[in-house]
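Note: the block below is structure01.cif and it holds mmCIF, C-alpha atoms.
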data_entry
#
loop_
_atom_site.label_atom_id
_atom_site.label_comp_id
_atom_site.auth_asym_id
_atom_site.auth_seq_id
_atom_site.Cartn_x
_atom_site.Cartn_y
_atom_site.Cartn_z
CA MET C 497 -23.86 71.76 31.38
CA SER C 498 -23.88 71.24 35.13
CA TRP C 499 -21.43 73.05 37.40
CA GLU C 500 -21.96 70.43 40.09
CA ILE C 501 -20.51 67.71 37.83
CA ILE C 502 -17.61 69.95 36.87
CA LYS C 503 -16.87 70.73 40.50
CA GLN C 504 -16.84 67.08 41.46
CA SER C 505 -14.45 66.17 38.67
CA LEU C 506 -11.94 68.90 39.44
CA PRO C 507 -9.75 66.93 41.90
CA MET C 508 -9.23 64.24 39.25
CA PHE C 509 -8.48 66.80 36.57
CA GLN C 510 -6.04 68.43 38.93
CA GLN C 511 -4.03 65.20 39.11
CA GLY C 512 -4.12 64.88 35.32
CA PHE C 513 -3.06 68.51 35.00
CA VAL C 514 -0.02 68.01 37.21
CA LEU C 515 0.94 64.84 35.38
CA THR C 516 0.60 66.53 31.96
CA LEU C 517 2.81 69.38 33.17
CA TYR C 518 5.37 66.99 34.64
CA LEU C 519 5.57 64.75 31.56
CA SER C 520 5.74 67.77 29.25
CA LEU C 521 8.53 69.33 31.27
CA VAL C 522 10.64 66.18 31.34
CA GLY C 523 9.91 65.58 27.64
CA ILE C 524 10.80 69.14 26.63
CA ILE C 525 14.06 69.21 28.59
CA GLY C 526 15.05 65.78 27.28
CA SER C 527 14.16 66.75 23.71
CA ALA C 528 16.14 69.97 23.99
CA ILE C 529 19.24 68.07 25.15
CA VAL C 530 18.91 65.53 22.32
CA GLY C 531 18.24 68.39 19.90
CA ILE C 532 21.31 70.38 20.94
CA ILE C 533 23.57 67.32 20.65
CA CYS C 534 22.16 66.36 17.22
CA SER C 535 22.37 69.87 15.82
CA LEU C 536 25.93 70.49 17.06
CA VAL C 537 27.08 67.13 15.66
CA GLN C 538 25.50 68.05 12.33
CA TYR C 539 26.80 71.60 12.39
CA PHE C 540 30.39 70.47 12.84
CA LYS C 541 29.83 67.46 10.56
CA VAL C 542 31.33 64.97 13.03
CA PRO C 543 32.13 61.96 10.80
CA ILE C 544 29.91 58.82 11.03
CA LEU C 545 28.01 60.16 14.06
CA ASP C 546 26.29 62.78 11.92
CA LYS C 547 25.05 60.10 9.49
CA ILE C 548 23.71 57.98 12.35
CA LEU C 549 21.90 60.94 13.87
CA GLN C 550 20.50 61.88 10.46
CA VAL C 551 18.89 58.43 10.25
CA TYR C 552 17.44 58.91 13.74
CA ILE C 553 16.07 62.33 12.81
CA GLU C 554 14.38 61.04 9.65
CA ILE C 555 12.77 58.13 11.49
CA SER C 556 11.67 60.27 14.38
CA LYS C 557 10.09 63.08 12.42
CA ASN C 558 8.42 60.92 9.77
CA THR C 559 6.50 58.55 12.05
CA PRO C 560 3.56 59.32 14.35
CA LEU C 561 4.04 59.48 18.12
CA LEU C 562 1.15 57.07 18.60
CA VAL C 563 2.87 54.37 16.58
CA GLN C 564 6.17 55.05 18.37
CA LEU C 565 4.38 54.63 21.71
CA PHE C 566 2.67 51.41 20.61
CA PHE C 567 6.04 50.09 19.56
CA LEU C 568 7.62 50.94 22.92
CA TYR C 569 4.70 49.82 25.04
CA TYR C 570 3.44 46.71 23.23
CA ALA C 571 6.21 45.51 20.92
CA PHE C 572 9.22 45.92 23.22
CA PRO C 573 7.84 43.58 25.92
CA ALA C 574 7.62 40.87 23.22
CA MET C 575 11.37 41.36 22.80
CA GLY C 576 11.88 41.07 26.56
CA ILE C 577 12.11 44.80 27.36
CA LYS C 578 9.35 45.87 29.74
CA LEU C 579 8.92 49.55 30.56
CA SER C 580 6.26 51.32 32.61
CA ALA C 581 3.68 53.34 30.68
CA GLN C 582 5.04 56.65 31.97
CA LEU C 583 8.59 55.77 31.04
CA CYS C 584 7.40 54.76 27.55
CA GLY C 585 5.61 58.09 27.29
CA ILE C 586 8.69 60.06 28.28
CA ILE C 587 11.01 58.07 26.00
CA GLY C 588 8.53 58.39 23.14
CA LEU C 589 8.15 62.12 23.61
CA ILE C 590 11.91 62.65 23.75
CA PHE C 591 12.41 60.39 20.72
CA LEU C 592 9.91 62.47 18.76
CA GLY C 593 10.83 65.86 20.22
CA GLY C 594 14.56 65.34 19.73
CA SER C 595 14.31 65.64 15.96
CA TYR C 596 11.99 68.66 16.12
CA MET C 597 14.35 70.40 18.54
CA ALA C 598 17.33 69.43 16.38
CA ALA C 599 15.67 71.07 13.37
CA GLY C 600 14.97 74.17 15.46
CA PHE C 601 18.54 74.48 16.74
CA SER C 602 20.03 73.69 13.31
CA GLY C 603 18.00 76.49 11.80
CA GLY C 604 19.45 78.87 14.38
CA PHE C 605 23.04 77.64 14.12
CA ASN C 606 22.99 77.83 10.33
CA GLY C 607 21.71 81.36 10.63
CA VAL C 608 24.88 82.49 12.43
CA SER C 609 26.82 84.61 9.96
CA LYS C 610 29.72 82.93 8.16
CA LYS C 611 31.93 85.92 9.06
CA GLN C 612 31.49 85.18 12.74
CA VAL C 613 32.52 81.56 12.33
CA GLU C 614 35.46 82.36 10.07
CA SER C 615 36.66 85.11 12.40
CA GLY C 616 36.50 82.61 15.24
CA LYS C 617 38.58 80.13 13.25
CA ALA C 618 41.02 82.86 12.26
CA ILE C 619 41.80 83.74 15.87
CA GLY C 620 42.49 80.04 16.49
CA LEU C 621 39.43 78.86 18.41
CA SER C 622 39.01 75.11 18.69
CA ASN C 623 35.75 73.54 17.49
CA TRP C 624 34.57 73.33 21.09
CA GLN C 625 35.36 76.99 21.77
CA LEU C 626 33.73 77.96 18.48
CA ALA C 627 30.57 76.12 19.51
CA ARG C 628 30.62 77.39 23.09
CA TYR C 629 31.41 81.08 22.51
CA VAL C 630 30.38 81.89 18.94
CA VAL C 631 27.84 79.55 17.36
CA PHE C 632 25.74 78.54 20.36
CA PRO C 633 25.01 81.94 21.94
CA GLN C 634 24.04 83.54 18.63
CA GLY C 635 22.36 80.48 17.18
CA PHE C 636 20.30 79.91 20.30
CA ALA C 637 18.79 83.37 20.07
CA LEU C 638 17.94 82.80 16.42
CA SER C 639 16.30 79.45 17.11
CA ILE C 640 13.93 80.68 19.82
CA PRO C 641 10.85 81.06 17.57
CA ALA C 642 11.21 77.46 16.36
CA LEU C 643 11.84 76.21 19.90
CA ALA C 644 8.76 78.02 21.17
CA ALA C 645 6.63 76.32 18.51
CA ASN C 646 8.15 72.96 19.48
CA ILE C 647 7.43 73.44 23.17
CA ILE C 648 3.76 74.04 22.48
CA PHE C 649 3.68 71.16 20.02
CA LEU C 650 5.20 68.74 22.56
CA ILE C 651 2.78 69.73 25.32
CA LYS C 652 -0.09 69.05 22.94
CA GLU C 653 1.42 65.73 21.93
CA THR C 654 1.21 64.51 25.55
CA SER C 655 -2.53 64.13 24.91
CA ILE C 656 -1.64 61.06 22.82
CA PHE C 657 -0.32 59.36 25.98
CA THR C 658 -3.93 58.42 26.63
CA VAL C 659 -3.51 55.44 24.26
CA ILE C 660 -1.13 53.76 26.67
CA ALA C 661 -3.35 54.68 29.63
CA ILE C 662 -1.16 57.30 31.28
CA PRO C 663 -3.64 59.24 33.46
CA GLU C 664 -2.82 62.70 32.07
CA LEU C 665 -5.49 65.29 31.21
CA THR C 666 -7.01 63.67 28.11
CA ASN C 667 -7.00 60.23 29.68
CA THR C 668 -8.69 61.59 32.80
CA ALA C 669 -11.45 63.14 30.70
CA LEU C 670 -11.98 59.98 28.65
CA ASP C 671 -12.09 57.83 31.78
CA LEU C 672 -14.68 60.10 33.34
CA ILE C 673 -16.77 60.11 30.15
CA GLY C 674 -16.59 56.32 30.11
CA LEU C 675 -17.80 56.16 33.70
CA TYR C 676 -20.48 58.86 33.84
CA TYR C 677 -21.29 59.82 30.21
CA ASN C 678 -21.20 63.56 31.01
CA SER C 679 -19.19 64.27 27.89
CA ASN C 680 -20.08 67.98 27.63
CA GLU C 681 -18.83 68.85 31.10
CA TYR C 682 -15.65 66.81 30.98
CA LEU C 683 -14.67 67.95 27.48
CA PHE C 684 -15.27 71.53 28.57
CA VAL C 685 -12.93 71.14 31.55
CA LEU C 686 -10.41 69.41 29.29
CA VAL C 687 -10.31 72.27 26.77
CA VAL C 688 -10.10 74.83 29.58
CA ALA C 689 -7.25 72.90 31.20
CA TYR C 690 -5.20 72.92 27.98
CA ALA C 691 -6.03 76.59 27.50
CA ILE C 692 -4.75 77.36 31.03
CA ILE C 693 -1.42 75.77 30.13
CA LEU C 694 -1.04 76.88 26.54
CA ILE C 695 -2.46 80.41 26.29
CA PRO C 696 -0.18 82.02 28.94
CA LEU C 697 2.75 80.00 27.63
CA SER C 698 2.14 81.08 24.06
CA ILE C 699 1.94 84.74 25.19
CA ILE C 700 5.18 84.45 27.18
CA LEU C 701 6.95 82.80 24.26
CA THR C 702 5.74 85.48 21.85
CA LEU C 703 7.06 88.20 24.17
CA LEU C 704 10.36 86.34 24.44
CA GLU C 705 10.60 86.11 20.65
CA ARG C 706 10.05 89.86 20.39
CA ARG C 707 12.67 90.55 23.01
CA VAL C 708 15.18 88.37 21.17
CA ARG C 709 14.46 89.89 17.79
CA TYR C 710 15.00 93.30 19.35
CA GLY C 711 18.32 92.09 20.75
CA THR C 712 19.47 90.52 17.48
CA PHE C 713 19.13 93.63 15.41
CA GLY C 714 20.91 95.64 18.08
CA ASN C 715 18.52 98.55 18.21
CA MET R 81 12.20 33.91 18.04
CA ALA R 82 12.30 30.25 16.93
CA HIS R 83 8.85 30.42 15.33
CA SER R 84 9.58 33.73 13.79
CA GLY R 85 6.83 36.23 14.52
CA ILE R 86 7.19 37.71 11.07
CA ASN R 87 4.90 34.97 9.72
CA VAL R 88 1.99 36.66 11.42
CA LEU R 89 2.07 39.19 8.60
CA PHE R 90 1.37 36.51 6.02
CA GLU R 91 -1.20 34.56 8.01
CA GLY R 92 -4.58 34.60 6.24
CA THR R 93 -5.44 38.04 4.92
CA ASN R 94 -3.51 39.96 7.57
CA PHE R 95 -1.19 41.73 5.17
CA THR R 96 -3.94 42.89 2.80
CA ARG R 97 -6.04 43.98 5.77
CA LEU R 98 -3.22 46.17 7.03
CA LEU R 99 -2.73 47.69 3.59
CA LEU R 100 -6.48 48.32 3.30
CA GLY R 101 -6.36 50.02 6.70
CA MET R 102 -3.55 52.20 5.45
CA TRP R 103 -5.67 53.01 2.40
CA THR R 104 -8.57 54.14 4.65
CA THR R 105 -6.13 56.30 6.59
CA PHE R 106 -4.70 57.73 3.40
CA LYS R 107 -8.12 58.45 1.90
CA ILE R 108 -9.29 60.37 4.97
CA ALA R 109 -6.06 62.35 5.02
CA ALA R 110 -6.26 63.13 1.28
CA ILE R 111 -9.87 64.35 1.34
CA ALA R 112 -9.28 66.42 4.48
CA ILE R 113 -6.13 67.94 2.98
CA VAL R 114 -7.81 68.92 -0.30
CA ILE R 115 -10.82 70.51 1.42
CA GLY R 116 -8.66 72.07 4.13
CA LEU R 117 -6.18 73.59 1.69
CA ILE R 118 -8.92 75.21 -0.39
CA ILE R 119 -10.67 76.70 2.65
CA GLY R 120 -7.30 77.64 4.17
CA ILE R 121 -6.15 79.54 1.08
CA ILE R 122 -9.41 81.53 1.01
CA LEU R 123 -9.19 82.28 4.74
CA GLY R 124 -5.52 83.20 4.40
CA ILE R 125 -6.33 85.74 1.68
CA LEU R 126 -9.19 87.13 3.78
CA ARG R 127 -6.78 87.55 6.68
CA THR R 128 -4.68 89.99 4.66
CA PHE R 129 -7.67 92.31 4.14
CA HIS R 130 -8.06 95.32 6.37
CA ASN R 131 -11.43 94.41 7.89
CA LYS R 132 -10.64 94.27 11.64
CA LEU R 133 -13.66 92.18 12.65
CA LEU R 134 -13.00 89.58 9.96
CA ARG R 135 -9.35 89.34 10.95
CA PHE R 136 -10.23 88.99 14.61
CA VAL R 137 -12.75 86.20 14.02
CA LEU R 138 -10.34 84.28 11.80
CA ARG R 139 -7.56 84.76 14.33
CA ILE R 140 -9.72 83.26 17.07
CA TYR R 141 -10.53 80.35 14.77
CA LEU R 142 -6.81 79.74 14.16
CA GLU R 143 -5.85 80.03 17.82
CA PHE R 144 -8.60 77.62 18.88
CA PHE R 145 -7.32 74.94 16.52
CA ARG R 146 -3.75 75.69 17.56
CA ILE R 147 -4.33 75.50 21.30
CA VAL R 148 -6.58 72.45 21.49
CA PRO R 149 -4.70 69.18 20.84
CA THR R 150 -5.95 67.18 17.86
CA VAL R 151 -6.96 64.24 20.06
CA VAL R 152 -9.22 66.56 22.00
CA LEU R 153 -10.61 68.11 18.80
CA LEU R 154 -11.56 64.66 17.55
CA PHE R 155 -13.37 63.86 20.79
CA LEU R 156 -15.07 67.23 20.89
CA PHE R 157 -16.60 66.70 17.46
CA TYR R 158 -17.22 63.00 18.04
CA TYR R 159 -19.21 63.55 21.23
CA ILE R 160 -20.68 67.01 20.81
CA LEU R 161 -22.00 66.88 17.24
CA PRO R 162 -24.47 64.03 17.77
CA ARG R 163 -25.53 65.21 21.23
CA GLN R 164 -25.93 68.94 20.80
CA LEU R 165 -26.70 69.27 17.11
CA ASN R 166 -28.27 65.88 16.62
CA LEU R 167 -25.91 65.33 13.73
CA HIS R 168 -24.95 61.69 13.46
CA MET R 169 -21.82 61.12 11.46
CA PRO R 170 -19.66 58.02 11.22
CA GLY R 171 -16.14 58.30 12.65
CA THR R 172 -14.57 58.62 9.20
CA GLN R 173 -16.62 61.72 8.40
CA VAL R 174 -16.00 63.28 11.80
CA ALA R 175 -12.29 62.72 11.21
CA MET R 176 -12.42 64.31 7.76
CA LEU R 177 -14.28 67.30 9.14
CA VAL R 178 -11.89 67.82 12.06
CA PHE R 179 -8.79 67.41 9.94
CA ALA R 180 -10.16 69.67 7.19
CA LEU R 181 -10.94 72.44 9.70
CA TRP R 182 -7.55 71.99 11.33
CA VAL R 183 -5.70 72.07 7.99
CA ALA R 184 -7.72 75.15 7.00
CA ALA R 185 -6.67 76.92 10.20
CA GLU R 186 -2.98 76.11 9.81
CA MET R 187 -3.04 76.78 6.07
CA SER R 188 -4.63 80.20 6.58
CA ASP R 189 -1.62 81.19 8.66
CA ILE R 190 0.86 79.84 6.11
CA VAL R 191 -0.89 81.68 3.26
CA ARG R 192 -1.16 84.91 5.23
CA GLY R 193 2.53 84.72 6.14
CA ALA R 194 3.52 84.15 2.51
CA LEU R 195 1.26 86.91 1.19
CA ILE R 196 2.58 89.55 3.56
CA SER R 197 6.16 88.61 2.79
CA VAL R 198 5.77 89.35 -0.92
CA PRO R 199 7.70 92.63 -1.26
CA ILE R 200 5.52 95.67 -0.74
CA HIS R 201 6.61 97.27 -4.04
CA GLN R 202 4.99 94.38 -5.91
CA ARG R 203 1.62 95.21 -4.38
CA GLU R 204 2.09 98.92 -4.92
CA SER R 205 3.21 98.51 -8.54
CA GLY R 206 0.15 96.37 -9.14
CA LEU R 207 -2.13 99.02 -7.70
CA ALA R 208 -0.29 101.74 -9.62
CA ILE R 209 -1.01 100.12 -12.98
CA GLY R 210 -4.66 100.00 -12.01
CA LEU R 211 -5.21 96.32 -11.15
CA THR R 212 -8.38 95.52 -9.24
CA ARG R 213 -8.03 93.73 -5.91
CA TYR R 214 -8.97 90.43 -7.57
CA GLN R 215 -6.37 90.92 -10.32
CA LEU R 216 -3.75 91.95 -7.77
CA TYR R 217 -4.19 88.71 -5.84
CA ARG R 218 -4.69 86.52 -8.89
CA TYR R 219 -1.70 87.70 -10.95
CA VAL R 220 0.75 89.29 -8.52
CA LEU R 221 0.50 88.14 -4.91
CA VAL R 222 -0.75 84.55 -5.01
CA PRO R 223 1.68 83.24 -7.66
CA GLN R 224 4.64 84.66 -5.73
CA ALA R 225 3.29 83.47 -2.40
CA VAL R 226 2.91 79.89 -3.66
CA SER R 227 6.64 79.37 -4.07
CA LEU R 228 7.22 80.80 -0.60
CA GLU R 229 4.62 78.64 1.08
CA LEU R 230 5.13 75.32 -0.69
CA PRO R 231 7.63 73.78 1.79
CA ALA R 232 5.46 74.73 4.77
CA THR R 233 2.40 73.28 3.04
CA ILE R 234 4.16 69.97 2.37
CA ASN R 235 5.26 69.82 5.99
CA LEU R 236 1.67 70.44 7.04
CA ILE R 237 0.60 67.51 4.85
CA THR R 238 3.14 65.19 6.50
CA ARG R 239 1.80 66.30 9.89
CA VAL R 240 -1.76 65.50 8.85
CA ILE R 241 -0.73 62.03 7.67
CA LYS R 242 1.04 61.38 10.96
CA THR R 243 -1.94 62.66 12.93
CA THR R 244 -4.28 60.22 11.16
CA SER R 245 -2.83 57.58 13.49
CA LEU R 246 -5.21 59.02 16.09
CA LEU R 247 -8.23 57.86 14.09
CA MET R 248 -8.46 54.64 16.08
CA LEU R 249 -9.47 56.74 19.10
CA ILE R 250 -12.83 57.53 17.50
CA SER R 251 -13.14 53.91 16.35
CA VAL R 252 -12.29 54.38 12.69
CA MET R 253 -10.99 51.14 11.15
CA ASP R 254 -7.63 52.61 10.29
CA VAL R 255 -4.30 50.82 9.99
CA VAL R 256 -3.50 51.07 13.71
CA ASN R 257 -6.90 49.75 14.74
CA ILE R 258 -6.62 46.79 12.35
CA GLY R 259 -3.07 46.16 13.56
CA GLN R 260 -4.34 46.01 17.13
CA GLN R 261 -7.03 43.49 16.16
CA ILE R 262 -4.52 41.29 14.38
CA VAL R 263 -2.20 41.43 17.38
CA GLU R 264 -4.99 40.41 19.74
CA ALA R 265 -6.16 37.57 17.48
CA ASN R 266 -2.67 36.13 17.01
CA ASN R 267 -1.13 36.72 20.41
CA GLN R 268 -1.22 33.06 21.39
CA LYS R 269 0.26 31.70 18.20
CA TYR R 270 2.81 34.44 17.55
CA PRO R 271 3.91 36.09 20.81
CA THR R 272 6.47 38.20 18.96
CA GLY R 273 4.04 39.02 16.14
CA VAL R 274 3.25 42.34 17.82
CA PHE R 275 6.78 43.48 17.01
CA TRP R 276 6.32 42.85 13.30
CA ILE R 277 2.80 44.26 13.05
CA TYR R 278 3.67 47.56 14.69
CA GLY R 279 6.98 47.49 12.86
CA LEU R 280 5.16 47.28 9.54
CA ILE R 281 2.79 50.12 10.50
CA PHE R 282 5.82 52.17 11.52
CA LEU R 283 7.41 51.46 8.14
CA LEU R 284 4.23 52.26 6.18
CA TYR R 285 3.95 55.68 7.79
CA PHE R 286 7.63 56.29 7.19
CA LEU R 287 7.37 55.32 3.52
CA ILE R 288 4.60 57.86 2.96
CA ASP R 289 6.04 60.73 4.99
CA TYR R 290 9.73 60.46 4.22
CA PRO R 291 9.52 61.32 0.49
CA LEU R 292 7.25 64.25 1.28
CA SER R 293 9.49 65.74 3.94
CA TRP R 294 12.55 65.11 1.74
CA TRP R 295 10.85 67.07 -1.04
CA ALA R 296 9.96 69.91 1.34
CA GLY R 297 13.55 70.02 2.61
CA ARG R 298 14.93 70.21 -0.92
CA LEU R 299 12.57 73.01 -1.94
CA GLU R 300 13.45 74.94 1.19
CA LYS R 301 17.17 74.55 0.54
CA LYS R 302 16.77 75.68 -3.06
CA ARG R 303 14.82 78.72 -1.96
CA LEU R 304 17.47 79.65 0.61
CA GLU R 305 20.22 79.28 -1.99
CA GLN R 306 18.30 81.49 -4.39
CA ALA R 307 17.71 84.07 -1.68
CA ASN R 308 21.41 84.10 -0.78
CA GLY R 309 22.47 84.20 -4.42
CA GLU R 310 20.62 87.41 -5.12
#
In structure tokens, write the structure found in this file.
Amino acid sequence: MSWEIIKQSLPMFQQGFVLTLYLSLVGIIGSAIVGIICSLVQYFKVPILDKILQVYIEISKNTPLLVQLFFLYYAFPAMGIKLSAQLCGIIGLIFLGGSYMAAGFSGGFNGVSKKQVESGKAIGLSNWQLARYVVFPQGFALSIPALAANIIFLIKETSIFTVIAIPELTNTALDLIGLYYNSNEYLFVLVVAYAIILIPLSIILTLLERRVRYGTFGN
Amino acid sequence: MAHSGINVLFEGTNFTRLLLGMWTTFKIAAIAIVIGLIIGIILGILRTFHNKLLRFVLRIYLEFFRIVPTVVLLFLFYYILPRQLNLHMPGTQVAMLVFALWVAAEMSDIVRGALISVPIHQRESGLAIGLTRYQLYRYVLVPQAVSLELPATINLITRVIKTTSLLMLISVMDVVNIGQQIVEANNQKYPTGVFWIYGLIFLLYFLIDYPLSWWAGRLEKKRLEQANGE
């Protein structure tokens, strides 16, 4: 293990690091939006739309991201739809993450006590008001553990973007290994880079979960 | 679309090759899951013991496999094993090893979670009637934990199957790798063939994972209904 090699590679890893963070952030926000829409539609059993979204959820969560990316990146151009690699990555991540986030939110929304919902209905709230003031605030708090797990999962999934040559962290490391064969050094930096992102995040999310649990039981 | 690209699937032995690739994928996943589940159950039980050092070491093991993405794990083992330990393994075996260790790590957490959520009075009653630690786990805790952990275990299995799509990265001849070869070989003749090849791979993965996740969902629902009914 040579520190000189590691030092020289750092500027490249820095670029990969920023790109991984950027793609993860866009992917997570996009997935959360898709997830909230899907779970609210399913919670209120909006006719037809809920069946369509159910099909999407099943397809999304039962197929690998790599195959989804290949489909977007290689098969779509054959159908006349050309997208840049980064856009494919983001769409793929949101397509995959949407169903995971939907499951997370649904778990939270379904955990909101029936009494709360019925009381809301009894005082004449519309579906929208029920969602906005009763189900969402309480359900969101309940779904935080699942969302935290999804966030970490999605960041890790960005490593698969390497297959469509997006120069994120993993791709940077593989490129460098291909060029200079210093696999020990580059893999070491790669693991450290993921650790720098994921360890603090996982600690923050655990603290947040604790805070929420404390709030839920109203101690 | 005039010369429909779907014919690429039936050209020569393409279709059987894809299915054979899926079989390779499936075999690696199955072996890794069996080994991983066995090790994971043992580690999960060990993690409920009161030995602090043991718990700490196993926790580090779990966190390592949780933090490092699977792609990176595959490369770590693929590059480091032959170089540092002079251990030359073909890609398929590296994949089995990595997946087995990963499954073991995740499974240990599932088992631990299930074991500690068996009501405390069950454990205490067992101890009160003089069961040994082995008997306590064998007859009281593990059987009750199994029903709690089954949905999570099935979901873990679907994740492993999905993750096998990464095998092509360490040059295993899996279904994705074979699909890529077929696409490259037939690109001139069937420009839209790529759509059907990746479409078929998409479908194959879906056909394996969908029944499993449906089963897990049903078990989970049943368990929730039972819990609410009590």
Residue contacts of Phe591 of chain C (10 Å, all atoms listed in the file) excluding same-chain residues fewer than 6 positions away, as a PDB file with C-alpha atoms, in the frame of the given file:
ATOM      1  CA  GLY C 523       9.910  65.580  27.640  1.00  0.00           C
ATOM      2  CA  GLY C 526      15.050  65.780  27.280  1.00  0.00           C
ATOM      3  CA  SER C 527      14.160  66.750  23.710  1.00  0.00           C
ATOM      4  CA  VAL C 530      18.910  65.530  22.320  1.00  0.00           C
ATOM      5  CA  GLY C 531      18.240  68.390  19.900  1.00  0.00           C
ATOM      6  CA  TYR C 552      17.440  58.910  13.740  1.00  0.00           C
ATOM      7  CA  ILE C 553      16.070  62.330  12.810  1.00  0.00           C
ATOM      8  CA  ILE C 555      12.770  58.130  11.490  1.00  0.00           C
ATOM      9  CA  SER C 556      11.670  60.270  14.380  1.00  0.00           C
ATOM     10  CA  LYS C 557      10.090  63.080  12.420  1.00  0.00           C
ATOM     11  CA  LEU C 561       4.040  59.480  18.120  1.00  0.00           C
ATOM     12  CA  GLN C 564       6.170  55.050  18.370  1.00  0.00           C
ATOM     13  CA  LEU C 565       4.380  54.630  21.710  1.00  0.00           C
ATOM     14  CA  GLY C 585       5.610  58.090  27.290  1.00  0.00           C
TER      15      GLY C 585
END
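Proximity ranking of R:Leu156, R:Val174, R:Ile118, R:Leu133 relative to chain C places R:Leu156 first, based on only C-alpha atoms.
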Report the closest atom pair, with its distance in Å rounded to one decimal, for each residue of chain R that has an atom no farther than 7 Å from chain C; count all atoms listed in the file, sort by chain and then rising residue number, and write it as JSON lines.
{"residue": "R:Ile147", "atom": "CA", "partner": "C:Leu694", "partner_atom": "CA", "distance": 6.3}
{"residue": "R:Val148", "atom": "CA", "partner": "C:Val687", "partner_atom": "CA", "distance": 6.5}
{"residue": "R:Pro149", "atom": "CA", "partner": "C:Lys652", "partner_atom": "CA", "distance": 5.1}
{"residue": "R:Val151", "atom": "CA", "partner": "C:Ser655", "partner_atom": "CA", "distance": 6.6}
{"residue": "R:Leu156", "atom": "CA", "partner": "C:Leu683", "partner_atom": "CA", "distance": 6.6}
{"residue": "R:Tyr159", "atom": "CA", "partner": "C:Ser679", "partner_atom": "CA", "distance": 6.7}
{"residue": "R:Ile160", "atom": "CA", "partner": "C:Asn680", "partner_atom": "CA", "distance": 6.9}
{"residue": "R:Lys242", "atom": "CA", "partner": "C:Pro560", "partner_atom": "CA", "distance": 4.7}
{"residue": "R:Thr243", "atom": "CA", "partner": "C:Pro560", "partner_atom": "CA", "distance": 6.6}
{"residue": "R:Ser245", "atom": "CA", "partner": "C:Leu562", "partner_atom": "CA", "distance": 6.5}
{"residue": "R:Pro271", "atom": "CA", "partner": "C:Ala574", "partner_atom": "CA", "distance": 6.5}
{"residue": "R:Thr272", "atom": "CA", "partner": "C:Ala574", "partner_atom": "CA", "distance": 5.2}
{"residue": "R:Val274", "atom": "CA", "partner": "C:Ala571", "partner_atom": "CA", "distance": 5.3}
{"residue": "R:Phe275", "atom": "CA", "partner": "C:Ala571", "partner_atom": "CA", "distance": 4.4}
{"residue": "R:Tyr278", "atom": "CA", "partner": "C:Phe567", "partner_atom": "CA", "distance": 6.0}
{"residue": "R:Phe282", "atom": "CA", "partner": "C:Val563", "partner_atom": "CA", "distance": 6.3}
{"residue": "R:Tyr285", "atom": "CA", "partner": "C:Thr559", "partner_atom": "CA", "distance": 5.7}
{"residue": "R:Phe286", "atom": "CA", "partner": "C:Asn558", "partner_atom": "CA", "distance": 5.4}
{"residue": "R:Asp289", "atom": "CA", "partner": "C:Asn558", "partner_atom": "CA", "distance": 5.3}
{"residue": "R:Tyr290", "atom": "CA", "partner": "C:Asn558", "partner_atom": "CA", "distance": 5.7}
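Close contacts of Leu98 of chain R, defined as residues with an atom at most 10 Å away when counting all atoms listed in the file, with chain neighbours fewer than 2 positions off set aside, comprise Leu89, Thr93, Asn94, Phe95, Thr96, Leu100, Gly101, Met102, Trp103, Thr104, Asp254, Val255, Val256, Asn257, Ile258, Gly259, Ile262, Ile277, Leu280, Ile281 and Leu284 of chain R.
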Nearby residues (all atoms listed in the file) at most 9 Å from Ala645 of chain C, same-chain spacing under 5 positions excluded, as a PyMOL selection string: chain C and resi 640+650+698+701
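Shortest separation to Tyr217 of chain R among R:Phe155, R:Phe129, R:Phe144, R:Phe90 occurs at residue R:Phe129, atoms counted being all atoms listed in the file.
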For atom CA of Ser293 of chain R and atom CA of Asn235 of chain R, the interatomic separation in Å (one decimal): 6.2 Å
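In this structure, atom CA of Arg706 of chain C sits 26.7 Å away from atom CA of Trp182 of chain R.
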For segment 107-113 of chain R, supply N, CA and C atoms and report the output as a PDB file, in the coordinates of the input.
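Saved to result21.pdb:
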ATOM      1  N   LYS R 107      -6.977  57.818   2.544  1.00  0.00           N
ATOM      2  CA  LYS R 107      -8.120  58.450   1.900  1.00  0.00           C
ATOM      3  C   LYS R 107      -8.649  59.600   2.764  1.00  0.00           C
ATOM      4  N   ILE R 108      -8.790  59.327   4.069  1.00  0.00           N
ATOM      5  CA  ILE R 108      -9.290  60.370   4.970  1.00  0.00           C
ATOM      6  C   ILE R 108      -8.351  61.559   4.952  1.00  0.00           C
ATOM      7  N   ALA R 109      -7.045  61.272   5.026  1.00  0.00           N
ATOM      8  CA  ALA R 109      -6.060  62.350   5.020  1.00  0.00           C
ATOM      9  C   ALA R 109      -6.162  63.145   3.721  1.00  0.00           C
ATOM     10  N   ALA R 110      -6.264  62.451   2.578  1.00  0.00           N
ATOM     11  CA  ALA R 110      -6.260  63.130   1.280  1.00  0.00           C
ATOM     12  C   ALA R 110      -7.469  64.047   1.138  1.00  0.00           C
ATOM     13  N   ILE R 111      -8.662  63.526   1.482  1.00  0.00           N
ATOM     14  CA  ILE R 111      -9.870  64.350   1.340  1.00  0.00           C
ATOM     15  C   ILE R 111      -9.796  65.568   2.261  1.00  0.00           C
ATOM     16  N   ALA R 112      -9.373  65.315   3.536  1.00  0.00           N
ATOM     17  CA  ALA R 112      -9.280  66.420   4.480  1.00  0.00           C
ATOM     18  C   ALA R 112      -8.269  67.465   4.000  1.00  0.00           C
ATOM     19  N   ILE R 113      -7.159  66.998   3.431  1.00  0.00           N
ATOM     20  CA  ILE R 113      -6.130  67.940   2.980  1.00  0.00           C
ATOM     21  C   ILE R 113      -6.658  68.803   1.834  1.00  0.00           C
TER      22      ILE R 113
END
